file target08.tsv (TSV, C-alpha atoms)
chain	number	residue	atom	x	y	z
A	136	MET	CA	-9.96	17.01	45.24
A	137	GLU	CA	-6.49	15.39	45.02
A	138	GLN	CA	-8.07	12.06	43.99
A	139	LYS	CA	-10.06	13.80	41.25
A	140	LYS	CA	-6.88	15.38	39.84
A	141	LYS	CA	-5.18	11.98	39.75
A	142	GLN	CA	-8.13	10.49	37.89
A	143	GLU	CA	-8.07	13.32	35.36
A	144	LYS	CA	-4.39	12.68	34.71
A	145	THR	CA	-5.05	9.03	33.96
A	146	VAL	CA	-7.69	9.84	31.35
A	147	CYS	CA	-6.04	9.40	27.95
A	148	ARG	CA	-7.47	11.56	25.22
A	149	SER	CA	-7.03	10.49	21.63
A	150	ILE	CA	-6.48	12.06	18.24
A	151	PRO	CA	-9.33	11.93	15.65
A	152	VAL	CA	-7.77	9.22	13.46
A	153	LYS	CA	-10.61	9.15	10.94
A	154	LYS	CA	-10.37	12.92	10.42
A	155	VAL	CA	-6.56	12.79	10.20
A	156	ILE	CA	-6.69	10.20	7.40
A	157	GLN	CA	-9.53	12.00	5.64
A	158	GLU	CA	-7.51	15.22	5.54
A	159	LEU	CA	-4.43	13.27	4.45
A	160	ASP	CA	-6.39	11.82	1.52
A	161	GLU	CA	-7.37	15.35	0.50
A	162	TYR	CA	-3.70	16.35	0.34
A	163	PHE	CA	-2.91	13.30	-1.76
A	164	GLU	CA	-5.84	13.98	-4.08
A	165	LYS	CA	-4.34	17.43	-4.71
A	166	ASN	CA	-0.85	15.89	-5.04
A	167	GLN	CA	0.34	18.09	-2.15
A	168	LEU	CA	3.02	15.79	-0.73
A	169	LYS	CA	4.87	18.38	1.34
A	170	GLU	CA	1.67	19.46	3.07
A	171	ALA	CA	0.77	15.82	3.68
A	172	GLY	CA	4.10	15.27	5.45
A	173	VAL	CA	3.64	18.32	7.68
A	174	HIS	CA	0.11	17.15	8.48
A	175	LEU	CA	1.31	13.70	9.58
A	176	GLY	CA	4.19	15.11	11.61
A	177	ARG	CA	1.84	17.42	13.50
A	178	TRP	CA	-0.58	14.62	14.40
A	179	LEU	CA	2.21	12.23	15.36
A	180	ALA	CA	3.47	14.77	17.89
A	181	GLU	CA	-0.08	15.29	19.19
A	182	ALA	CA	-0.69	11.54	19.62
A	183	LYS	CA	2.59	11.16	21.52
A	184	SER	CA	1.82	14.11	23.79
A	185	LEU	CA	-1.57	12.61	24.66
A	186	GLY	CA	-0.18	9.14	25.27
A	187	ASP	CA	-2.49	7.86	22.53
A	188	TRP	CA	-0.57	4.80	21.31
A	189	ARG	CA	-3.36	3.64	19.01
A	190	GLY	CA	-3.44	7.02	17.30
A	191	GLU	CA	0.35	7.03	17.14
A	192	LEU	CA	0.34	3.60	15.47
A	193	ALA	CA	-2.21	4.78	12.91
A	194	VAL	CA	-0.04	7.79	12.05
A	195	GLN	CA	3.15	5.69	11.92
A	196	ASN	CA	1.39	3.44	9.39
A	197	GLU	CA	0.53	6.44	7.24
A	198	LEU	CA	4.09	7.74	7.57
A	199	MET	CA	5.47	4.42	6.28
A	200	GLY	CA	3.38	4.83	3.14
A	201	TYR	CA	4.29	8.49	2.85
A	202	TYR	CA	8.04	7.86	3.02
A	203	ARG	CA	7.74	5.02	0.51
A	204	ASN	CA	6.14	7.54	-1.80
A	205	THR	CA	8.80	10.22	-1.23
A	206	LEU	CA	11.67	7.67	-1.22
A	207	GLU	CA	13.01	8.91	2.13
A	208	GLU	CA	14.74	5.86	3.57
A	209	GLU	CA	15.92	7.02	6.98
A	210	PRO	CA	12.60	8.43	8.25
A	211	GLY	CA	10.79	5.54	6.55
A	212	LEU	CA	12.80	2.95	8.47
A	213	LEU	CA	12.31	4.96	11.68
A	214	ALA	CA	8.54	4.76	11.16
A	215	VAL	CA	8.91	0.98	10.71
A	216	ARG	CA	10.87	0.60	13.94
A	217	GLU	CA	8.49	2.75	15.95
A	218	GLY	CA	5.42	1.05	14.50
A	219	LEU	CA	6.74	-2.45	15.24
A	220	ASN	CA	7.76	-1.35	18.73
A	221	LEU	CA	4.19	-0.15	19.43
A	222	ILE	CA	2.80	-3.52	18.29
A	223	GLN	CA	5.14	-5.41	20.63
A	224	THR	CA	4.83	-3.05	23.58
A	225	HIS	CA	1.03	-3.24	23.57
A	226	HIS	CA	0.87	-6.97	22.73
A	227	ILE	CA	-1.26	-6.77	19.59
A	228	GLU	CA	0.91	-9.08	17.46
A	229	ASP	CA	-1.94	-11.58	17.13
A	230	THR	CA	-4.60	-9.11	15.95
A	231	VAL	CA	-5.70	-7.94	12.49
A	232	THR	CA	-4.56	-4.42	13.40
A	233	GLY	CA	-1.12	-5.73	14.31
A	234	ALA	CA	-0.95	-7.82	11.13
A	235	THR	CA	-1.93	-4.84	8.96
A	236	SER	CA	0.85	-2.79	10.53
A	237	MET	CA	3.33	-5.62	9.97
A	238	ILE	CA	2.38	-5.70	6.27
A	239	ASN	CA	2.97	-1.96	6.07
A	240	ALA	CA	6.34	-2.35	7.78
A	241	ALA	CA	7.36	-5.21	5.47
A	242	THR	CA	6.34	-3.22	2.39
A	243	THR	CA	8.41	-0.27	3.57
A	244	LEU	CA	11.42	-2.52	4.21
A	245	LYS	CA	11.01	-3.93	0.69
A	246	ALA	CA	10.82	-0.41	-0.79
A	247	PHE	CA	14.25	0.29	0.67
A	248	GLY	CA	15.90	-2.92	-0.55
A	249	ARG	CA	15.18	-5.12	2.47
A	250	ALA	CA	12.66	-7.57	1.03
A	251	GLY	CA	14.25	-10.54	2.77
A	252	GLU	CA	14.02	-8.82	6.15
A	253	GLY	CA	10.40	-7.91	5.50
A	254	MET	CA	9.26	-11.40	4.44
A	255	LYS	CA	9.02	-12.65	8.05
A	256	TYR	CA	6.47	-9.91	8.77
A	257	TYR	CA	4.43	-10.83	5.68
A	258	GLU	CA	4.40	-14.45	6.77
A	259	ALA	CA	3.42	-13.52	10.33
A	260	ALA	CA	0.57	-11.37	8.96
A	261	PHE	CA	-0.59	-14.25	6.74
A	262	ARG	CA	-0.84	-16.58	9.75
A	263	ILE	CA	-2.96	-14.02	11.61
A	264	PHE	CA	-5.22	-13.29	8.63
A	265	GLU	CA	-5.70	-17.03	8.10
A	266	LYS	CA	-7.07	-17.33	11.63
A	267	LYS	CA	-9.11	-14.12	11.71
A	268	LEU	CA	-10.42	-13.36	8.20
A	269	ASP	CA	-12.49	-14.92	5.43
A	270	LYS	CA	-10.31	-16.20	2.57
A	271	GLN	CA	-11.96	-13.75	0.14
A	272	ASP	CA	-11.38	-10.70	2.36
A	273	TYR	CA	-9.86	-7.82	0.38
A	274	ARG	CA	-6.99	-7.63	2.86
A	275	PHE	CA	-5.68	-10.96	1.62
A	276	ALA	CA	-5.41	-9.47	-1.88
A	277	GLY	CA	-3.21	-6.64	-0.62
A	278	LEU	CA	-1.04	-9.08	1.29
A	279	TYR	CA	-0.64	-11.42	-1.70
A	280	ASN	CA	0.25	-8.55	-4.01
A	281	ASN	CA	2.88	-7.23	-1.62
A	282	MET	CA	4.33	-10.69	-1.05
A	283	ALA	CA	4.50	-11.20	-4.82
A	284	LEU	CA	6.50	-8.00	-5.20
A	285	ALA	CA	8.86	-9.11	-2.44
A	286	TRP	CA	9.31	-12.55	-4.03
A	287	THR	CA	10.08	-10.75	-7.31
A	288	ASP	CA	12.83	-8.74	-5.63
A	289	LEU	CA	14.22	-11.95	-4.17
A	290	GLY	CA	14.30	-13.63	-7.58
A	291	GLU	CA	11.59	-16.17	-6.68
A	292	TYR	CA	9.64	-15.56	-9.89
A	293	GLU	CA	7.42	-18.65	-9.87
A	294	LYS	CA	6.26	-17.83	-6.33
A	295	ALA	CA	5.71	-14.20	-7.31
A	296	LYS	CA	3.54	-15.22	-10.28
A	297	GLN	CA	1.46	-17.49	-8.05
A	298	TYR	CA	0.84	-14.73	-5.50
A	299	PHE	CA	-0.08	-12.14	-8.17
A	300	HIS	CA	-2.73	-14.52	-9.50
A	301	MET	CA	-3.98	-15.23	-5.97
A	302	ALA	CA	-4.41	-11.48	-5.47
A	303	MET	CA	-6.35	-11.07	-8.71
A	304	GLU	CA	-8.67	-13.95	-7.85
A	305	ILE	CA	-9.89	-11.73	-5.02
A	306	THR	CA	-9.74	-8.23	-6.55
A	307	SER	CA	-11.53	-9.31	-9.74
A	308	LYS	CA	-14.56	-10.21	-7.62
A	309	LEU	CA	-14.55	-7.09	-5.46
A	310	PRO	CA	-16.92	-4.20	-6.25
A	311	GLY	CA	-14.71	-1.42	-7.59
A	312	GLY	CA	-11.63	-3.66	-7.57
A	313	MET	CA	-10.53	-2.59	-11.06
A	314	MET	CA	-7.67	-0.36	-9.94
A	315	GLU	CA	-6.07	-3.03	-7.76
A	316	THR	CA	-6.47	-5.55	-10.58
A	317	ALA	CA	-4.94	-3.14	-13.11
A	318	MET	CA	-1.87	-2.56	-10.94
A	319	THR	CA	-1.46	-6.30	-10.41
A	320	TRP	CA	-1.47	-6.94	-14.18
A	321	VAL	CA	1.21	-4.25	-14.58
A	322	ASN	CA	3.26	-5.80	-11.77
A	323	LEU	CA	2.98	-9.18	-13.46
A	324	ALA	CA	4.22	-7.68	-16.74
A	325	CYS	CA	7.25	-6.28	-14.91
A	326	LEU	CA	7.85	-9.71	-13.41
A	327	TYR	CA	7.90	-11.36	-16.85
A	328	GLU	CA	10.47	-8.81	-18.03
A	329	LYS	CA	12.84	-9.90	-15.24
A	330	TRP	CA	12.23	-13.62	-15.75
A	331	CYS	CA	14.66	-15.60	-17.91
A	332	LEU	CA	12.22	-16.25	-20.77
A	333	SER	CA	12.70	-16.34	-24.53
A	334	GLN	CA	12.17	-12.94	-26.16
A	335	GLU	CA	9.07	-14.17	-27.97
A	336	ASP	CA	7.52	-15.70	-24.86
A	337	MET	CA	8.32	-12.62	-22.77
A	338	ASP	CA	6.83	-10.22	-25.34
A	339	GLU	CA	3.65	-12.28	-25.59
A	340	LYS	CA	3.17	-12.45	-21.83
A	341	ILE	CA	3.91	-8.74	-21.29
A	342	CYS	CA	1.47	-7.79	-24.05
A	343	PHE	CA	-1.23	-9.99	-22.49
A	344	CYS	CA	-0.72	-8.40	-19.06
A	345	MET	CA	-0.68	-4.79	-20.28
A	346	GLU	CA	-3.80	-5.29	-22.41
A	347	ASN	CA	-5.62	-6.67	-19.39
A	348	ALA	CA	-4.42	-3.74	-17.26
A	349	TRP	CA	-5.73	-1.32	-19.87
A	350	LEU	CA	-9.13	-3.05	-19.89
A	351	GLN	CA	-9.40	-2.44	-16.14
A	352	LEU	CA	-8.47	1.24	-16.50
A	353	GLU	CA	-11.02	1.62	-19.29
A	354	ASP	CA	-13.82	-0.05	-17.33
A	355	PRO	CA	-16.81	2.35	-17.36
A	356	GLY	CA	-17.63	1.29	-13.79
A	357	ALA	CA	-14.34	2.65	-12.45
A	358	ALA	CA	-14.85	5.85	-10.45
A	359	ARG	CA	-12.69	8.68	-11.82
A	360	ASP	CA	-11.60	9.80	-8.36
A	361	GLY	CA	-8.29	10.50	-6.65
A	362	TYR	CA	-7.47	6.82	-6.41
A	363	TYR	CA	-8.08	6.45	-10.14
A	364	GLY	CA	-5.65	9.34	-10.73
A	365	PHE	CA	-3.09	7.74	-8.42
A	366	THR	CA	-3.41	4.43	-10.29
A	367	CYS	CA	-3.02	6.16	-13.66
A	368	MET	CA	0.22	7.74	-12.50
A	369	LYS	CA	1.47	4.44	-11.05
A	370	CYS	CA	0.75	2.59	-14.30
A	371	ALA	CA	1.73	5.30	-16.80
A	372	ASP	CA	5.49	4.79	-16.61
A	373	SER	CA	5.13	1.05	-17.15
A	374	PHE	CA	2.97	1.62	-20.22
A	375	GLY	CA	5.66	3.92	-21.58
A	376	HIS	CA	8.43	1.50	-20.65
A	377	PHE	CA	6.77	-1.27	-22.64
A	378	GLY	CA	6.23	0.96	-25.67
A	379	TYR	CA	2.60	2.03	-25.15
A	380	PHE	CA	3.44	5.71	-25.48
A	381	LEU	CA	-0.03	6.97	-26.41
A	382	ARG	CA	-1.58	5.14	-23.49
A	383	LYS	CA	1.07	6.55	-21.16
A	384	LYS	CA	0.22	10.05	-22.35
A	385	GLU	CA	-3.51	9.38	-21.94
A	386	LEU	CA	-3.08	8.11	-18.38
A	387	GLU	CA	-0.99	11.13	-17.42
A	388	LYS	CA	-3.66	13.38	-18.91
A	389	ARG	CA	-6.41	11.65	-16.92
A	390	ALA	CA	-4.44	11.96	-13.70
A	391	ALA	CA	-3.68	15.65	-14.32
A	392	GLU	CA	-7.38	16.38	-14.95
A	393	ILE	CA	-8.37	14.67	-11.71
A	394	TYR	CA	-5.73	16.53	-9.67
A	395	GLU	CA	-6.73	19.82	-11.32
A	396	ARG	CA	-10.39	19.31	-10.37
A	397	ALA	CA	-9.36	18.49	-6.82

call {"tool": "encode", "arguments": {"input": "target08.tsv", "output": "structure tokens"}}
result
Amino acid sequence: MEQKKKQEKTVCRSIPVKKVIQELDEYFEKNQLKEAGVHLGRWLAEAKSLGDWRGELAVQNELMGYYRNTLEEEPGLLAVREGLNLIQTHHIEDTVTGATSMINAATTLKAFGRAGEGMKYYEAAFRIFEKKLDKQDYRFAGLYNNMALAWTDLGEYEKAKQYFHMAMEITSKLPGGMMETAMTWVNLACLYEKWCLSQEDMDEKICFCMENAWLQLEDPGAARDGYYGFTCMKCADSFGHFGYFLRKKELEKRAAEIYERA
């Protein structure tokens, strides 16, 4: 009987990660950020109480993205530290899962003004992806886009441009990759604004980028789902910033309609 009790104690239950993320997506589709935060906090505590480190890492990854969205630096950096600690403690640094978490950590560091600190994690993730994934895997596109944004913050504009184009080489070939491609065109436009170019050259390049972004958002094959609404909101301010006021208004309207339906 005593042996049976010991065995039961060693059995580690786990949280339903797929269900947790599915419910999280539902909160985001309804633009219910506060509820999303409570949801993640509850499941983080549950994963810790069960000793489910894989579930805990999954939730920490979602929390990094959540705090980037809500611009909460202190808890965001805590999620980074705890996530990286889980990767090291359980020796998964050389896995795709570990690399994906490192990208998330680096992106969160960048969001809070620590792009230089985050670059080593991007580069580590690239080395792992290079060994484990096909060169056209969609995960490379996400990595390239994030690295481009970090290079932009660091003033390495030529490198940033190169990585944005590398990302679009992949997303433009992916089924349903229009939203990622649209956001990359917008990011590239923002890069050209920061670059030391002549006014005429800058205006021409920004116009080219924003027109291409708009073509992606107008693509009839793009599903008008929650991710479409999220992309509209992400791109709307940039359209307004560059003087496309009617398009900004239209994107905000589309996002509002999607959130209302949800």

call {"tool": "closest_residue", "arguments": {"input": "target08.tsv", "among": "A:Asp160, A:Ala240, A:Val231, A:Val155", "to": "Leu175 in chain A", "atoms": "all atoms listed in the file"}}
result
A:Val155

call {"tool": "atom_distance", "arguments": {"input": "target08.tsv", "atom1": "CA of Ala276 in chain A", "atom2": "CA of Ser307 in chain A"}}
result
10.0 Å

call {"tool": "residues_around", "arguments": {"input": "target08.tsv", "residues": "Ala214 in chain A", "least_positions_apart": "3", "cutoff": "10 Å", "atoms": "all atoms listed in the file", "output": "PyMOL selection string"}}
result
chain A and resi 192+194-200+202+208-211+217-220+240+243

call {"tool": "write_last_selection", "arguments": {"input": "target08.tsv", "atoms": "C-alpha atoms", "output": "mmCIF file, in the coordinates of the input"}}
result
data_model
loop_
_atom_site.group_PDB
_atom_site.id
_atom_site.type_symbol
_atom_site.label_atom_id
_atom_site.label_comp_id
_atom_site.auth_asym_id
_atom_site.auth_seq_id
_atom_site.Cartn_x
_atom_site.Cartn_y
_atom_site.Cartn_z
ATOM 1 C CA LEU A 192 0.340 3.600 15.470
ATOM 2 C CA VAL A 194 -0.040 7.790 12.050
ATOM 3 C CA GLN A 195 3.150 5.690 11.920
ATOM 4 C CA ASN A 196 1.390 3.440 9.390
ATOM 5 C CA GLU A 197 0.530 6.440 7.240
ATOM 6 C CA LEU A 198 4.090 7.740 7.570
ATOM 7 C CA MET A 199 5.470 4.420 6.280
ATOM 8 C CA GLY A 200 3.380 4.830 3.140
ATOM 9 C CA TYR A 202 8.040 7.860 3.020
ATOM 10 C CA GLU A 208 14.740 5.860 3.570
ATOM 11 C CA GLU A 209 15.920 7.020 6.980
ATOM 12 C CA PRO A 210 12.600 8.430 8.250
ATOM 13 C CA GLY A 211 10.790 5.540 6.550
ATOM 14 C CA GLU A 217 8.490 2.750 15.950
ATOM 15 C CA GLY A 218 5.420 1.050 14.500
ATOM 16 C CA LEU A 219 6.740 -2.450 15.240
ATOM 17 C CA ASN A 220 7.760 -1.350 18.730
ATOM 18 C CA ALA A 240 6.340 -2.350 7.780
ATOM 19 C CA THR A 243 8.410 -0.270 3.570
#

call {"tool": "residues_around", "arguments": {"input": "target08.tsv", "residues": "Asn347 in chain A", "least_positions_apart": "6", "cutoff": "9 Å", "atoms": "all atoms listed in the file", "output": "list of chain:residue names"}}
result
A:Thr316, A:Ala317, A:Trp320, A:Val321

call {"tool": "write_last_selection", "arguments": {"input": "target08.tsv", "atoms": "C-alpha atoms", "output": "compact mmCIF listing (two decimals), in the coordinates of the input"}}
result
# COMPACT_ATOMS: atom_id res chain seq x y z
CA THR A 316 -6.47 -5.55 -10.58
CA ALA A 317 -4.94 -3.14 -13.11
CA TRP A 320 -1.47 -6.94 -14.18
CA VAL A 321 1.21 -4.25 -14.58

call {"tool": "atom_distance", "arguments": {"input": "target08.tsv", "atom1": "CA of Gly375 in chain A", "atom2": "CA of Glu392 in chain A"}}
result
19.2 Å

call {"tool": "closest_residue", "arguments": {"input": "target08.tsv", "among": "A:Arg203, A:Arg274, A:Lys153, A:Arg262", "to": "Gly248 in chain A", "atoms": "all atoms listed in the file"}}
result
A:Arg203

call {"tool": "atom_distance", "arguments": {"input": "target08.tsv", "atom1": "CA of Met301 in chain A", "atom2": "CA of Ala193 in chain A"}}
result
27.6 Å

call {"tool": "residues_around", "arguments": {"input": "target08.tsv", "residues": "range 303-305 of chain A", "least_positions_apart": "6", "cutoff": "12 Å", "atoms": "only C-alpha atoms", "output": "PyMOL selection string"}}
result
chain A and resi 269-280+283+296-297+311-323+347-348+351

call {"tool": "closest_residue", "arguments": {"input": "target08.tsv", "among": "A:Tyr379, A:Ala358, A:Phe343, A:Thr230", "to": "Glu265 in chain A", "atoms": "all atoms listed in the file"}}
result
A:Thr230

call {"tool": "closest_residue", "arguments": {"input": "target08.tsv", "among": "A:Tyr256, A:Glu228, A:Ala182, A:Tyr201", "to": "Tyr162 in chain A", "atoms": "only C-alpha atoms"}}
result
A:Tyr201

call {"tool": "residues_around", "arguments": {"input": "target08.tsv", "residues": "Tyr292 in chain A", "least_positions_apart": "4", "cutoff": "10 Å", "atoms": "all atoms listed in the file", "output": "PyMOL selection string"}}
result
chain A and resi 283-288+296-298+323+326-327+329-331

call {"tool": "axis_aligned_box", "arguments": {"input": "target08.tsv", "around": "range 260-276 of chain A", "padding_each_side": "8 Å", "output": "AutoDock Vina command-line options"}}
result
--center_x -6.0 --center_y -12.5 --center_z 4.9 --size_x 29.1 --size_y 25.7 --size_z 29.6

call {"tool": "closest_residue", "arguments": {"input": "target08.tsv", "among": "A:Lys384, A:His300, A:Lys169, A:Lys267", "to": "Cys344 in chain A", "atoms": "all atoms listed in the file"}}
result
A:His300

call {"tool": "closest_residue", "arguments": {"input": "target08.tsv", "among": "A:Asn166, A:Glu291, A:Gly253, A:Glu258", "to": "Met368 in chain A", "atoms": "all atoms listed in the file"}}
result
A:Asn166

call {"tool": "residues_near_point", "arguments": {"input": "target08.tsv", "point": "(-1.9, -6.2, 17.4)", "cutoff": "12 Å", "atoms": "all atoms listed in the file", "output": "ChimeraX atom specification"}}
result
/A:188-189,192-193,218-238,259-260,263-264
